[in-house]
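Visitor: What follows is my_file.cif, made up of mmCIF, N, CA, C and O atoms:
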```cif
data_work
#
loop_
_atom_site.label_atom_id
_atom_site.label_comp_id
_atom_site.auth_asym_id
_atom_site.auth_seq_id
_atom_site.Cartn_x
_atom_site.Cartn_y
_atom_site.Cartn_z
N MET R 598 12.32 55.69 67.82
CA MET R 598 12.96 56.44 66.75
C MET R 598 11.89 56.87 65.75
O MET R 598 11.08 56.05 65.31
N PRO R 599 11.85 58.14 65.37
CA PRO R 599 10.84 58.61 64.42
C PRO R 599 11.02 57.97 63.04
O PRO R 599 12.13 57.70 62.61
N SER R 600 9.92 57.77 62.38
CA SER R 600 9.96 57.19 61.04
C SER R 600 10.09 58.29 59.99
O SER R 600 9.68 59.42 60.20
N THR R 601 10.67 57.92 58.86
CA THR R 601 10.76 58.84 57.74
C THR R 601 10.37 58.11 56.47
O THR R 601 10.59 56.91 56.34
N ALA R 602 9.76 58.82 55.57
CA ALA R 602 9.41 58.30 54.25
C ALA R 602 9.90 59.36 53.27
O ALA R 602 9.19 60.31 52.96
N LEU R 603 11.14 59.22 52.82
CA LEU R 603 11.76 60.26 52.00
C LEU R 603 11.30 60.17 50.55
O LEU R 603 11.18 59.08 49.99
N ALA R 604 11.06 61.34 49.97
CA ALA R 604 10.57 61.43 48.59
C ALA R 604 11.15 62.66 47.92
O ALA R 604 11.59 63.60 48.59
N THR R 605 11.11 62.68 46.61
CA THR R 605 11.57 63.84 45.85
C THR R 605 10.58 64.99 46.00
O THR R 605 9.47 64.80 46.50
N ALA R 606 10.99 66.16 45.52
CA ALA R 606 10.09 67.33 45.57
C ALA R 606 8.84 67.07 44.73
O ALA R 606 7.74 67.48 45.11
N ALA R 607 8.99 66.40 43.60
CA ALA R 607 7.83 66.10 42.75
C ALA R 607 6.85 65.17 43.45
O ALA R 607 5.63 65.36 43.39
N ASP R 608 7.38 64.17 44.14
CA ASP R 608 6.51 63.26 44.89
C ASP R 608 5.82 63.97 46.05
O ASP R 608 4.64 63.75 46.32
N MET R 609 6.56 64.84 46.74
CA MET R 609 5.98 65.60 47.85
C MET R 609 4.91 66.55 47.32
O MET R 609 3.88 66.74 47.97
N ALA R 610 5.14 67.12 46.13
CA ALA R 610 4.15 68.03 45.54
C ALA R 610 2.85 67.27 45.24
O ALA R 610 1.76 67.77 45.52
N TYR R 611 2.96 66.07 44.71
CA TYR R 611 1.75 65.28 44.45
C TYR R 611 1.07 64.91 45.77
O TYR R 611 -0.15 65.00 45.90
N TRP R 612 1.85 64.50 46.76
CA TRP R 612 1.33 64.09 48.07
C TRP R 612 0.51 65.21 48.71
O TRP R 612 -0.55 64.96 49.30
N THR R 613 1.00 66.46 48.57
CA THR R 613 0.34 67.59 49.22
C THR R 613 -0.67 68.30 48.32
O THR R 613 -1.44 69.12 48.80
N GLY R 614 -0.60 68.03 47.02
CA GLY R 614 -1.48 68.73 46.09
C GLY R 614 -1.03 70.16 45.84
O GLY R 614 -1.82 71.01 45.46
N ARG R 615 0.24 70.42 46.05
CA ARG R 615 0.82 71.76 45.87
C ARG R 615 1.87 71.73 44.77
O ARG R 615 2.42 70.69 44.46
N PRO R 616 2.22 72.89 44.19
CA PRO R 616 3.29 72.95 43.19
C PRO R 616 4.66 72.66 43.82
O PRO R 616 4.86 72.86 45.02
N ILE R 617 5.60 72.24 42.99
CA ILE R 617 6.95 71.95 43.47
C ILE R 617 7.57 73.20 44.10
O ILE R 617 8.26 73.10 45.12
N GLY R 618 7.33 74.36 43.53
CA GLY R 618 7.87 75.60 44.09
C GLY R 618 7.42 75.83 45.52
O GLY R 618 8.17 76.38 46.33
N THR R 619 6.21 75.41 45.83
CA THR R 619 5.71 75.54 47.21
C THR R 619 6.50 74.63 48.14
O THR R 619 6.82 75.02 49.26
N ILE R 620 6.82 73.44 47.68
CA ILE R 620 7.61 72.51 48.50
C ILE R 620 8.98 73.11 48.78
O ILE R 620 9.47 73.09 49.92
N TRP R 621 9.62 73.68 47.75
CA TRP R 621 10.93 74.33 47.94
C TRP R 621 10.83 75.49 48.91
O TRP R 621 11.69 75.69 49.76
N ARG R 622 9.75 76.28 48.80
CA ARG R 622 9.56 77.43 49.70
C ARG R 622 9.36 76.96 51.12
O ARG R 622 9.94 77.51 52.06
N TRP R 623 8.51 75.93 51.31
CA TRP R 623 8.28 75.40 52.66
C TRP R 623 9.60 74.93 53.29
O TRP R 623 9.85 75.15 54.47
N ALA R 624 10.45 74.31 52.49
CA ALA R 624 11.75 73.85 53.00
C ALA R 624 12.64 75.03 53.37
O ALA R 624 13.27 75.03 54.42
N SER R 625 12.66 76.08 52.53
CA SER R 625 13.51 77.24 52.83
C SER R 625 12.99 78.02 54.03
O SER R 625 13.76 78.66 54.74
N GLU R 626 11.68 77.98 54.26
CA GLU R 626 11.09 78.66 55.42
C GLU R 626 11.21 77.84 56.70
O GLU R 626 10.89 78.34 57.78
N GLY R 627 11.64 76.60 56.60
CA GLY R 627 11.77 75.75 57.77
C GLY R 627 10.48 75.05 58.16
O GLY R 627 10.35 74.53 59.26
N ARG R 628 9.49 75.02 57.27
CA ARG R 628 8.22 74.35 57.56
C ARG R 628 8.35 72.84 57.46
O ARG R 628 7.66 72.10 58.17
N ILE R 629 9.20 72.36 56.55
CA ILE R 629 9.46 70.93 56.39
C ILE R 629 10.97 70.73 56.35
O ILE R 629 11.72 71.64 56.03
N THR R 630 11.40 69.52 56.67
CA THR R 630 12.81 69.19 56.70
C THR R 630 13.26 68.74 55.32
O THR R 630 12.56 67.97 54.66
N VAL R 631 14.40 69.22 54.89
CA VAL R 631 14.99 68.77 53.62
C VAL R 631 16.25 67.97 53.96
O VAL R 631 17.03 68.36 54.82
N TYR R 632 16.39 66.83 53.31
CA TYR R 632 17.55 65.96 53.48
C TYR R 632 18.35 66.00 52.19
O TYR R 632 17.83 65.64 51.14
N GLY R 633 19.58 66.46 52.24
CA GLY R 633 20.41 66.60 51.05
C GLY R 633 20.20 67.97 50.43
O GLY R 633 19.58 68.85 51.02
N HIS R 634 20.71 68.14 49.21
CA HIS R 634 20.55 69.41 48.52
C HIS R 634 20.59 69.20 47.02
O HIS R 634 21.01 68.15 46.54
N GLY R 635 20.14 70.20 46.30
CA GLY R 635 20.11 70.12 44.84
C GLY R 635 19.17 69.02 44.35
O GLY R 635 18.10 68.81 44.91
N LYS R 636 19.60 68.32 43.32
CA LYS R 636 18.77 67.26 42.75
C LYS R 636 18.64 66.05 43.67
O LYS R 636 17.77 65.22 43.48
N ASN R 637 19.51 65.97 44.66
CA ASN R 637 19.46 64.86 45.60
C ASN R 637 18.62 65.15 46.83
O ASN R 637 18.55 64.34 47.74
N ALA R 638 17.98 66.31 46.89
CA ALA R 638 17.17 66.68 48.06
C ALA R 638 15.97 65.75 48.18
O ALA R 638 15.34 65.38 47.19
N ARG R 639 15.66 65.39 49.41
CA ARG R 639 14.51 64.55 49.70
C ARG R 639 13.75 65.17 50.87
O ARG R 639 14.31 65.88 51.70
N TYR R 640 12.45 64.89 50.91
CA TYR R 640 11.55 65.47 51.91
C TYR R 640 10.79 64.34 52.58
O TYR R 640 10.46 63.33 51.96
N ASN R 641 10.46 64.53 53.85
CA ASN R 641 9.77 63.50 54.62
C ASN R 641 8.26 63.62 54.43
O ASN R 641 7.65 64.59 54.89
N LEU R 642 7.65 62.65 53.79
CA LEU R 642 6.20 62.66 53.55
C LEU R 642 5.41 62.63 54.86
O LEU R 642 4.28 63.11 54.91
N LEU R 643 5.99 62.07 55.90
CA LEU R 643 5.26 61.91 57.16
C LEU R 643 5.17 63.22 57.96
O LEU R 643 4.47 63.28 58.96
N GLU R 644 5.84 64.29 57.50
CA GLU R 644 5.76 65.58 58.18
C GLU R 644 4.48 66.34 57.85
O GLU R 644 4.12 67.27 58.57
N VAL R 645 3.83 66.00 56.74
CA VAL R 645 2.62 66.71 56.32
C VAL R 645 1.52 65.70 56.00
O VAL R 645 1.80 64.55 55.66
N ASP R 646 0.29 66.15 56.12
CA ASP R 646 -0.84 65.30 55.77
C ASP R 646 -0.95 65.19 54.26
O ASP R 646 -0.53 66.08 53.53
N ALA R 647 -1.56 64.11 53.81
CA ALA R 647 -1.79 63.93 52.38
C ALA R 647 -2.96 64.82 51.95
O ALA R 647 -3.87 65.10 52.72
N ALA R 648 -2.91 65.25 50.70
CA ALA R 648 -4.02 66.03 50.13
C ALA R 648 -5.23 65.12 50.00
O ALA R 648 -5.11 63.90 49.85
N GLU R 649 -6.41 65.72 50.04
CA GLU R 649 -7.64 64.94 49.84
C GLU R 649 -7.85 64.78 48.33
O GLU R 649 -7.86 65.75 47.59
N ARG R 650 -7.99 63.54 47.89
CA ARG R 650 -8.18 63.24 46.48
C ARG R 650 -9.40 62.36 46.30
O ARG R 650 -9.77 61.61 47.19
N ASP R 651 -10.03 62.48 45.14
CA ASP R 651 -11.19 61.66 44.80
C ASP R 651 -10.73 60.20 44.74
O ASP R 651 -9.74 59.89 44.07
N PRO R 652 -11.41 59.28 45.44
CA PRO R 652 -10.95 57.89 45.46
C PRO R 652 -11.00 57.18 44.10
O PRO R 652 -10.24 56.25 43.87
N ASP R 653 -11.85 57.62 43.21
CA ASP R 653 -11.97 56.96 41.91
C ASP R 653 -11.03 57.56 40.87
O ASP R 653 -10.35 56.83 40.15
N THR R 654 -11.00 58.87 40.76
CA THR R 654 -10.23 59.53 39.70
C THR R 654 -8.86 60.03 40.17
O THR R 654 -8.03 60.37 39.34
N ARG R 655 -8.63 60.10 41.46
CA ARG R 655 -7.41 60.63 42.07
C ARG R 655 -7.23 62.12 41.79
O ARG R 655 -6.14 62.67 41.97
N GLU R 656 -8.30 62.79 41.35
CA GLU R 656 -8.26 64.24 41.15
C GLU R 656 -8.17 64.93 42.51
O GLU R 656 -8.78 64.49 43.48
N LEU R 657 -7.47 66.03 42.55
CA LEU R 657 -7.29 66.79 43.77
C LEU R 657 -8.61 67.42 44.21
O LEU R 657 -9.29 68.07 43.43
N VAL R 658 -8.98 67.20 45.47
CA VAL R 658 -10.18 67.81 46.05
C VAL R 658 -9.76 68.98 46.93
O VAL R 658 -10.23 70.10 46.76
N THR R 659 -8.86 68.73 47.89
CA THR R 659 -8.39 69.76 48.81
C THR R 659 -6.90 69.58 49.04
O THR R 659 -6.47 68.52 49.49
N PRO R 660 -6.07 70.60 48.74
CA PRO R 660 -4.64 70.47 49.01
C PRO R 660 -4.35 70.55 50.51
O PRO R 660 -5.17 71.01 51.30
N THR R 661 -3.18 70.08 50.87
CA THR R 661 -2.74 70.12 52.26
C THR R 661 -2.51 71.57 52.69
O THR R 661 -1.90 72.34 51.95
N PRO R 662 -2.99 71.96 53.89
CA PRO R 662 -2.66 73.31 54.36
C PRO R 662 -1.17 73.43 54.67
O PRO R 662 -0.50 72.43 54.94
N ALA R 663 -0.66 74.64 54.63
CA ALA R 663 0.76 74.87 54.90
C ALA R 663 1.08 74.50 56.33
O ALA R 663 0.36 74.88 57.26
N PRO R 664 2.17 73.74 56.54
CA PRO R 664 2.56 73.43 57.92
C PRO R 664 3.09 74.68 58.62
O PRO R 664 3.55 75.62 57.96
N ALA R 665 3.04 74.66 59.92
CA ALA R 665 3.55 75.79 60.70
C ALA R 665 5.07 75.85 60.60
O ALA R 665 5.73 74.83 60.39
N ILE R 666 5.62 77.05 60.73
CA ILE R 666 7.07 77.20 60.75
C ILE R 666 7.56 76.67 62.08
O ILE R 666 7.07 77.07 63.14
N LYS R 667 8.54 75.78 62.03
CA LYS R 667 9.04 75.13 63.25
C LYS R 667 9.76 76.14 64.14
O LYS R 667 10.52 76.98 63.66
N GLY R 668 9.48 76.07 65.42
CA GLY R 668 10.13 76.94 66.38
C GLY R 668 9.53 78.33 66.48
O GLY R 668 10.07 79.17 67.19
N CYS R 669 8.46 78.59 65.78
CA CYS R 669 7.83 79.92 65.83
C CYS R 669 6.45 79.81 66.45
O CYS R 669 5.75 78.83 66.25
N THR R 670 6.08 80.81 67.19
CA THR R 670 4.73 80.87 67.74
C THR R 670 4.07 82.15 67.25
O THR R 670 4.73 83.17 67.06
N ARG R 671 2.80 82.08 67.06
CA ARG R 671 2.05 83.25 66.57
C ARG R 671 1.75 84.17 67.77
O ARG R 671 1.26 83.73 68.80
N VAL R 672 2.02 85.44 67.60
CA VAL R 672 1.74 86.44 68.62
C VAL R 672 0.41 87.09 68.31
O VAL R 672 0.18 87.54 67.19
N PRO R 673 -0.52 87.13 69.27
CA PRO R 673 -1.81 87.75 68.99
C PRO R 673 -1.66 89.25 68.71
O PRO R 673 -0.80 89.92 69.27
N ALA R 674 -2.50 89.75 67.83
CA ALA R 674 -2.47 91.17 67.47
C ALA R 674 -2.93 92.01 68.66
O ALA R 674 -3.82 91.63 69.42
N ALA R 675 -2.34 93.19 68.80
CA ALA R 675 -2.71 94.10 69.87
C ALA R 675 -4.10 94.69 69.55
O ALA R 675 -4.41 95.01 68.42
N ALA R 676 -4.89 94.82 70.59
CA ALA R 676 -6.24 95.35 70.40
C ALA R 676 -6.26 96.85 70.37
O ALA R 676 -5.48 97.58 70.80
#
```
How does this structure look as structure tokens?
Guide:
Amino acid sequence: MPSTALATAADMAYWTGRPIGTIWRWASEGRITVYGHGKNARYNLLEVDAAERDPDTRELVTPTPAPAIKGCTRVPAAA
């Protein structure tokens, strides 16, 4: 059974190093799974990698890249 680590949008935003609006957009685009809706919405931290942060200051070094849209494949451009 797959594991889940559910968190609020604010927690997911910190985890990924992205703004909360980006988390909402990723959920609406189908990049990440949202559990619930409104203020009760939760997101699975295990679906995305953690942002790279400085080990001493916890300052953001590199944010998490955007996950791929589920169920979509990229079509190569015609030459």
Visitor: Where does the PyMOL selection byres ((chain R and resi 659) around 8) land in this file, that is, which residues does it pick, as number ranges by chain?
Guide: R: 612-615, 646-651, 656-658, 660-662
Visitor: Taking the DSSP assignment computed from this structure's backbone, write out as an MDAnalysis selection string all residues of chain R that belong to strand (DSSP E).
Guide: chainID R and resid 603:604 631:632 639:641 649:650 657:659
Visitor: Those selected residues, please, written with N, CA, C and O atoms and delivered as an mmCIF file, in the coordinates of the input.
Guide:
```cif
data_model
loop_
_atom_site.group_PDB
_atom_site.id
_atom_site.type_symbol
_atom_site.label_atom_id
_atom_site.label_comp_id
_atom_site.auth_asym_id
_atom_site.auth_seq_id
_atom_site.Cartn_x
_atom_site.Cartn_y
_atom_site.Cartn_z
ATOM 1 N N LEU R 603 11.140 59.220 52.820
ATOM 2 C CA LEU R 603 11.760 60.260 52.000
ATOM 3 C C LEU R 603 11.300 60.170 50.550
ATOM 4 O O LEU R 603 11.180 59.080 49.990
ATOM 5 N N ALA R 604 11.060 61.340 49.970
ATOM 6 C CA ALA R 604 10.570 61.430 48.590
ATOM 7 C C ALA R 604 11.150 62.660 47.920
ATOM 8 O O ALA R 604 11.590 63.600 48.590
ATOM 9 N N VAL R 631 14.400 69.220 54.890
ATOM 10 C CA VAL R 631 14.990 68.770 53.620
ATOM 11 C C VAL R 631 16.250 67.970 53.960
ATOM 12 O O VAL R 631 17.030 68.360 54.820
ATOM 13 N N TYR R 632 16.390 66.830 53.310
ATOM 14 C CA TYR R 632 17.550 65.960 53.480
ATOM 15 C C TYR R 632 18.350 66.000 52.190
ATOM 16 O O TYR R 632 17.830 65.640 51.140
ATOM 17 N N ARG R 639 15.660 65.390 49.410
ATOM 18 C CA ARG R 639 14.510 64.550 49.700
ATOM 19 C C ARG R 639 13.750 65.170 50.870
ATOM 20 O O ARG R 639 14.310 65.880 51.700
ATOM 21 N N TYR R 640 12.450 64.890 50.910
ATOM 22 C CA TYR R 640 11.550 65.470 51.910
ATOM 23 C C TYR R 640 10.790 64.340 52.580
ATOM 24 O O TYR R 640 10.460 63.330 51.960
ATOM 25 N N ASN R 641 10.460 64.530 53.850
ATOM 26 C CA ASN R 641 9.770 63.500 54.620
ATOM 27 C C ASN R 641 8.260 63.620 54.430
ATOM 28 O O ASN R 641 7.650 64.590 54.890
ATOM 29 N N GLU R 649 -6.410 65.720 50.040
ATOM 30 C CA GLU R 649 -7.640 64.940 49.840
ATOM 31 C C GLU R 649 -7.850 64.780 48.330
ATOM 32 O O GLU R 649 -7.860 65.750 47.590
ATOM 33 N N ARG R 650 -7.990 63.540 47.890
ATOM 34 C CA ARG R 650 -8.180 63.240 46.480
ATOM 35 C C ARG R 650 -9.400 62.360 46.300
ATOM 36 O O ARG R 650 -9.770 61.610 47.190
ATOM 37 N N LEU R 657 -7.470 66.030 42.550
ATOM 38 C CA LEU R 657 -7.290 66.790 43.770
ATOM 39 C C LEU R 657 -8.610 67.420 44.210
ATOM 40 O O LEU R 657 -9.290 68.070 43.430
ATOM 41 N N VAL R 658 -8.980 67.200 45.470
ATOM 42 C CA VAL R 658 -10.180 67.810 46.050
ATOM 43 C C VAL R 658 -9.760 68.980 46.930
ATOM 44 O O VAL R 658 -10.230 70.100 46.760
ATOM 45 N N THR R 659 -8.860 68.730 47.890
ATOM 46 C CA THR R 659 -8.390 69.760 48.810
ATOM 47 C C THR R 659 -6.900 69.580 49.040
ATOM 48 O O THR R 659 -6.470 68.520 49.490
#
```
Visitor: Near Pro664 of chain R, within 7 Å and counting only N, CA, C and O atoms, which residues show up once chain neighbours fewer than 3 positions away are dropped, as a list in words?
Guide: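 Listing them by chain and then by number gives Gly627, Arg628, Ile629, Glu644, Val645, Thr661 and Lys667 of chain R.
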Visitor: Please measure the separation of atom CA of Asn641 of chain R and atom C of Gly668 of chain R, giving the value in Å to one decimal.
Guide: 19.0 Å
Visitor: Using Å and a single decimal, report how far atom O of Asn637 of chain R sits from atom N of Ala602 of chain R.
Guide: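 Atom-to-atom, atom N of Ala602 of chain R and atom O of Asn637 of chain R are spaced 13.0 Å apart.
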Visitor: Between atom C of Gly633 of chain R and atom N of Pro616 of chain R, what is the spacing in Å?
Guide: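 We find that atom N of Pro616 of chain R and atom C of Gly633 of chain R lie 19.7 Å from each other.
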Visitor: Would you compute an axis-aligned box for segment 604-611 of chain R, covering every atom listed for it in the file with 4 Å of margin on each side, and report centre and edge lengths in Å to one decimal as JSON?
Guide:
```
{"center_x": 5.7, "center_y": 64.7, "center_z": 46.4, "size_x": 19.7, "size_y": 14.7, "size_z": 15.2}
```
Visitor: Just list the residues in chain R DSSP gives alpha helix (DSSP H) on the backbone, as a ChimeraX atom specification.
Guide: /R:606-613,617-626
Visitor: Can I get the selected residues back with N, CA, C and O atoms, as a PDB file, in the frame of the given file?
Guide:
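So part25.pdb came out as:
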```pdb
ATOM      1  N   ALA R 606      10.990  66.160  45.520  1.00  0.00           N
ATOM      2  CA  ALA R 606      10.090  67.330  45.570  1.00  0.00           C
ATOM      3  C   ALA R 606       8.840  67.070  44.730  1.00  0.00           C
ATOM      4  O   ALA R 606       7.740  67.480  45.110  1.00  0.00           O
ATOM      5  N   ALA R 607       8.990  66.400  43.600  1.00  0.00           N
ATOM      6  CA  ALA R 607       7.830  66.100  42.750  1.00  0.00           C
ATOM      7  C   ALA R 607       6.850  65.170  43.450  1.00  0.00           C
ATOM      8  O   ALA R 607       5.630  65.360  43.390  1.00  0.00           O
ATOM      9  N   ASP R 608       7.380  64.170  44.140  1.00  0.00           N
ATOM     10  CA  ASP R 608       6.510  63.260  44.890  1.00  0.00           C
ATOM     11  C   ASP R 608       5.820  63.970  46.050  1.00  0.00           C
ATOM     12  O   ASP R 608       4.640  63.750  46.320  1.00  0.00           O
ATOM     13  N   MET R 609       6.560  64.840  46.740  1.00  0.00           N
ATOM     14  CA  MET R 609       5.980  65.600  47.850  1.00  0.00           C
ATOM     15  C   MET R 609       4.910  66.550  47.320  1.00  0.00           C
ATOM     16  O   MET R 609       3.880  66.740  47.970  1.00  0.00           O
ATOM     17  N   ALA R 610       5.140  67.120  46.130  1.00  0.00           N
ATOM     18  CA  ALA R 610       4.150  68.030  45.540  1.00  0.00           C
ATOM     19  C   ALA R 610       2.850  67.270  45.240  1.00  0.00           C
ATOM     20  O   ALA R 610       1.760  67.770  45.520  1.00  0.00           O
ATOM     21  N   TYR R 611       2.960  66.070  44.710  1.00  0.00           N
ATOM     22  CA  TYR R 611       1.750  65.280  44.450  1.00  0.00           C
ATOM     23  C   TYR R 611       1.070  64.910  45.770  1.00  0.00           C
ATOM     24  O   TYR R 611      -0.150  65.000  45.900  1.00  0.00           O
ATOM     25  N   TRP R 612       1.850  64.500  46.760  1.00  0.00           N
ATOM     26  CA  TRP R 612       1.330  64.090  48.070  1.00  0.00           C
ATOM     27  C   TRP R 612       0.510  65.210  48.710  1.00  0.00           C
ATOM     28  O   TRP R 612      -0.550  64.960  49.300  1.00  0.00           O
ATOM     29  N   THR R 613       1.000  66.460  48.570  1.00  0.00           N
ATOM     30  CA  THR R 613       0.340  67.590  49.220  1.00  0.00           C
ATOM     31  C   THR R 613      -0.670  68.300  48.320  1.00  0.00           C
ATOM     32  O   THR R 613      -1.440  69.120  48.800  1.00  0.00           O
ATOM     33  N   ILE R 617       5.600  72.240  42.990  1.00  0.00           N
ATOM     34  CA  ILE R 617       6.950  71.950  43.470  1.00  0.00           C
ATOM     35  C   ILE R 617       7.570  73.200  44.100  1.00  0.00           C
ATOM     36  O   ILE R 617       8.260  73.100  45.120  1.00  0.00           O
ATOM     37  N   GLY R 618       7.330  74.360  43.530  1.00  0.00           N
ATOM     38  CA  GLY R 618       7.870  75.600  44.090  1.00  0.00           C
ATOM     39  C   GLY R 618       7.420  75.830  45.520  1.00  0.00           C
ATOM     40  O   GLY R 618       8.170  76.380  46.330  1.00  0.00           O
ATOM     41  N   THR R 619       6.210  75.410  45.830  1.00  0.00           N
ATOM     42  CA  THR R 619       5.710  75.540  47.210  1.00  0.00           C
ATOM     43  C   THR R 619       6.500  74.630  48.140  1.00  0.00           C
ATOM     44  O   THR R 619       6.820  75.020  49.260  1.00  0.00           O
ATOM     45  N   ILE R 620       6.820  73.440  47.680  1.00  0.00           N
ATOM     46  CA  ILE R 620       7.610  72.510  48.500  1.00  0.00           C
ATOM     47  C   ILE R 620       8.980  73.110  48.780  1.00  0.00           C
ATOM     48  O   ILE R 620       9.470  73.090  49.920  1.00  0.00           O
ATOM     49  N   TRP R 621       9.620  73.680  47.750  1.00  0.00           N
ATOM     50  CA  TRP R 621      10.930  74.330  47.940  1.00  0.00           C
ATOM     51  C   TRP R 621      10.830  75.490  48.910  1.00  0.00           C
ATOM     52  O   TRP R 621      11.690  75.690  49.760  1.00  0.00           O
ATOM     53  N   ARG R 622       9.750  76.280  48.800  1.00  0.00           N
ATOM     54  CA  ARG R 622       9.560  77.430  49.700  1.00  0.00           C
ATOM     55  C   ARG R 622       9.360  76.960  51.120  1.00  0.00           C
ATOM     56  O   ARG R 622       9.940  77.510  52.060  1.00  0.00           O
ATOM     57  N   TRP R 623       8.510  75.930  51.310  1.00  0.00           N
ATOM     58  CA  TRP R 623       8.280  75.400  52.660  1.00  0.00           C
ATOM     59  C   TRP R 623       9.600  74.930  53.290  1.00  0.00           C
ATOM     60  O   TRP R 623       9.850  75.150  54.470  1.00  0.00           O
ATOM     61  N   ALA R 624      10.450  74.310  52.490  1.00  0.00           N
ATOM     62  CA  ALA R 624      11.750  73.850  53.000  1.00  0.00           C
ATOM     63  C   ALA R 624      12.640  75.030  53.370  1.00  0.00           C
ATOM     64  O   ALA R 624      13.270  75.030  54.420  1.00  0.00           O
ATOM     65  N   SER R 625      12.660  76.080  52.530  1.00  0.00           N
ATOM     66  CA  SER R 625      13.510  77.240  52.830  1.00  0.00           C
ATOM     67  C   SER R 625      12.990  78.020  54.030  1.00  0.00           C
ATOM     68  O   SER R 625      13.760  78.660  54.740  1.00  0.00           O
ATOM     69  N   GLU R 626      11.680  77.980  54.260  1.00  0.00           N
ATOM     70  CA  GLU R 626      11.090  78.660  55.420  1.00  0.00           C
ATOM     71  C   GLU R 626      11.210  77.840  56.700  1.00  0.00           C
ATOM     72  O   GLU R 626      10.890  78.340  57.780  1.00  0.00           O
TER      73      GLU R 626
END
```
Visitor: Is it possible to get the residues within 8 Å of (15.6, 64.6, 43.1) (coordinates as in the file, counting all atoms listed in the file) written as a list in words?
Guide: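 Residues close enough to count: Ala604, Thr605, Ala606, Ala607, His634, Gly635, Lys636, Asn637, Ala638 and Arg639 of chain R.
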Visitor: So that I can check the surroundings of Thr619 of chain R, please list as a list of chain:residue names every protein, DNA and RNA residue that reaches within 8 Å of it, counting all atoms listed in the file and ignoring chain neighbours fewer than 5 positions away.
Guide: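 Once the nearby chain positions are removed, what remains is R:Ala606, R:Ala610, R:Ala624, R:Ser625, R:Glu626.
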Visitor: Using N, CA, C and O atoms, can you export the residues from the last selection as a PDB file, keeping the file's coordinate frame?
Guide:
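File written: result.pdb
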```pdb
ATOM      1  N   ALA R 606      10.990  66.160  45.520  1.00  0.00           N
ATOM      2  CA  ALA R 606      10.090  67.330  45.570  1.00  0.00           C
ATOM      3  C   ALA R 606       8.840  67.070  44.730  1.00  0.00           C
ATOM      4  O   ALA R 606       7.740  67.480  45.110  1.00  0.00           O
ATOM      5  N   ALA R 610       5.140  67.120  46.130  1.00  0.00           N
ATOM      6  CA  ALA R 610       4.150  68.030  45.540  1.00  0.00           C
ATOM      7  C   ALA R 610       2.850  67.270  45.240  1.00  0.00           C
ATOM      8  O   ALA R 610       1.760  67.770  45.520  1.00  0.00           O
ATOM      9  N   ALA R 624      10.450  74.310  52.490  1.00  0.00           N
ATOM     10  CA  ALA R 624      11.750  73.850  53.000  1.00  0.00           C
ATOM     11  C   ALA R 624      12.640  75.030  53.370  1.00  0.00           C
ATOM     12  O   ALA R 624      13.270  75.030  54.420  1.00  0.00           O
ATOM     13  N   SER R 625      12.660  76.080  52.530  1.00  0.00           N
ATOM     14  CA  SER R 625      13.510  77.240  52.830  1.00  0.00           C
ATOM     15  C   SER R 625      12.990  78.020  54.030  1.00  0.00           C
ATOM     16  O   SER R 625      13.760  78.660  54.740  1.00  0.00           O
ATOM     17  N   GLU R 626      11.680  77.980  54.260  1.00  0.00           N
ATOM     18  CA  GLU R 626      11.090  78.660  55.420  1.00  0.00           C
ATOM     19  C   GLU R 626      11.210  77.840  56.700  1.00  0.00           C
ATOM     20  O   GLU R 626      10.890  78.340  57.780  1.00  0.00           O
TER      21      GLU R 626
END
```
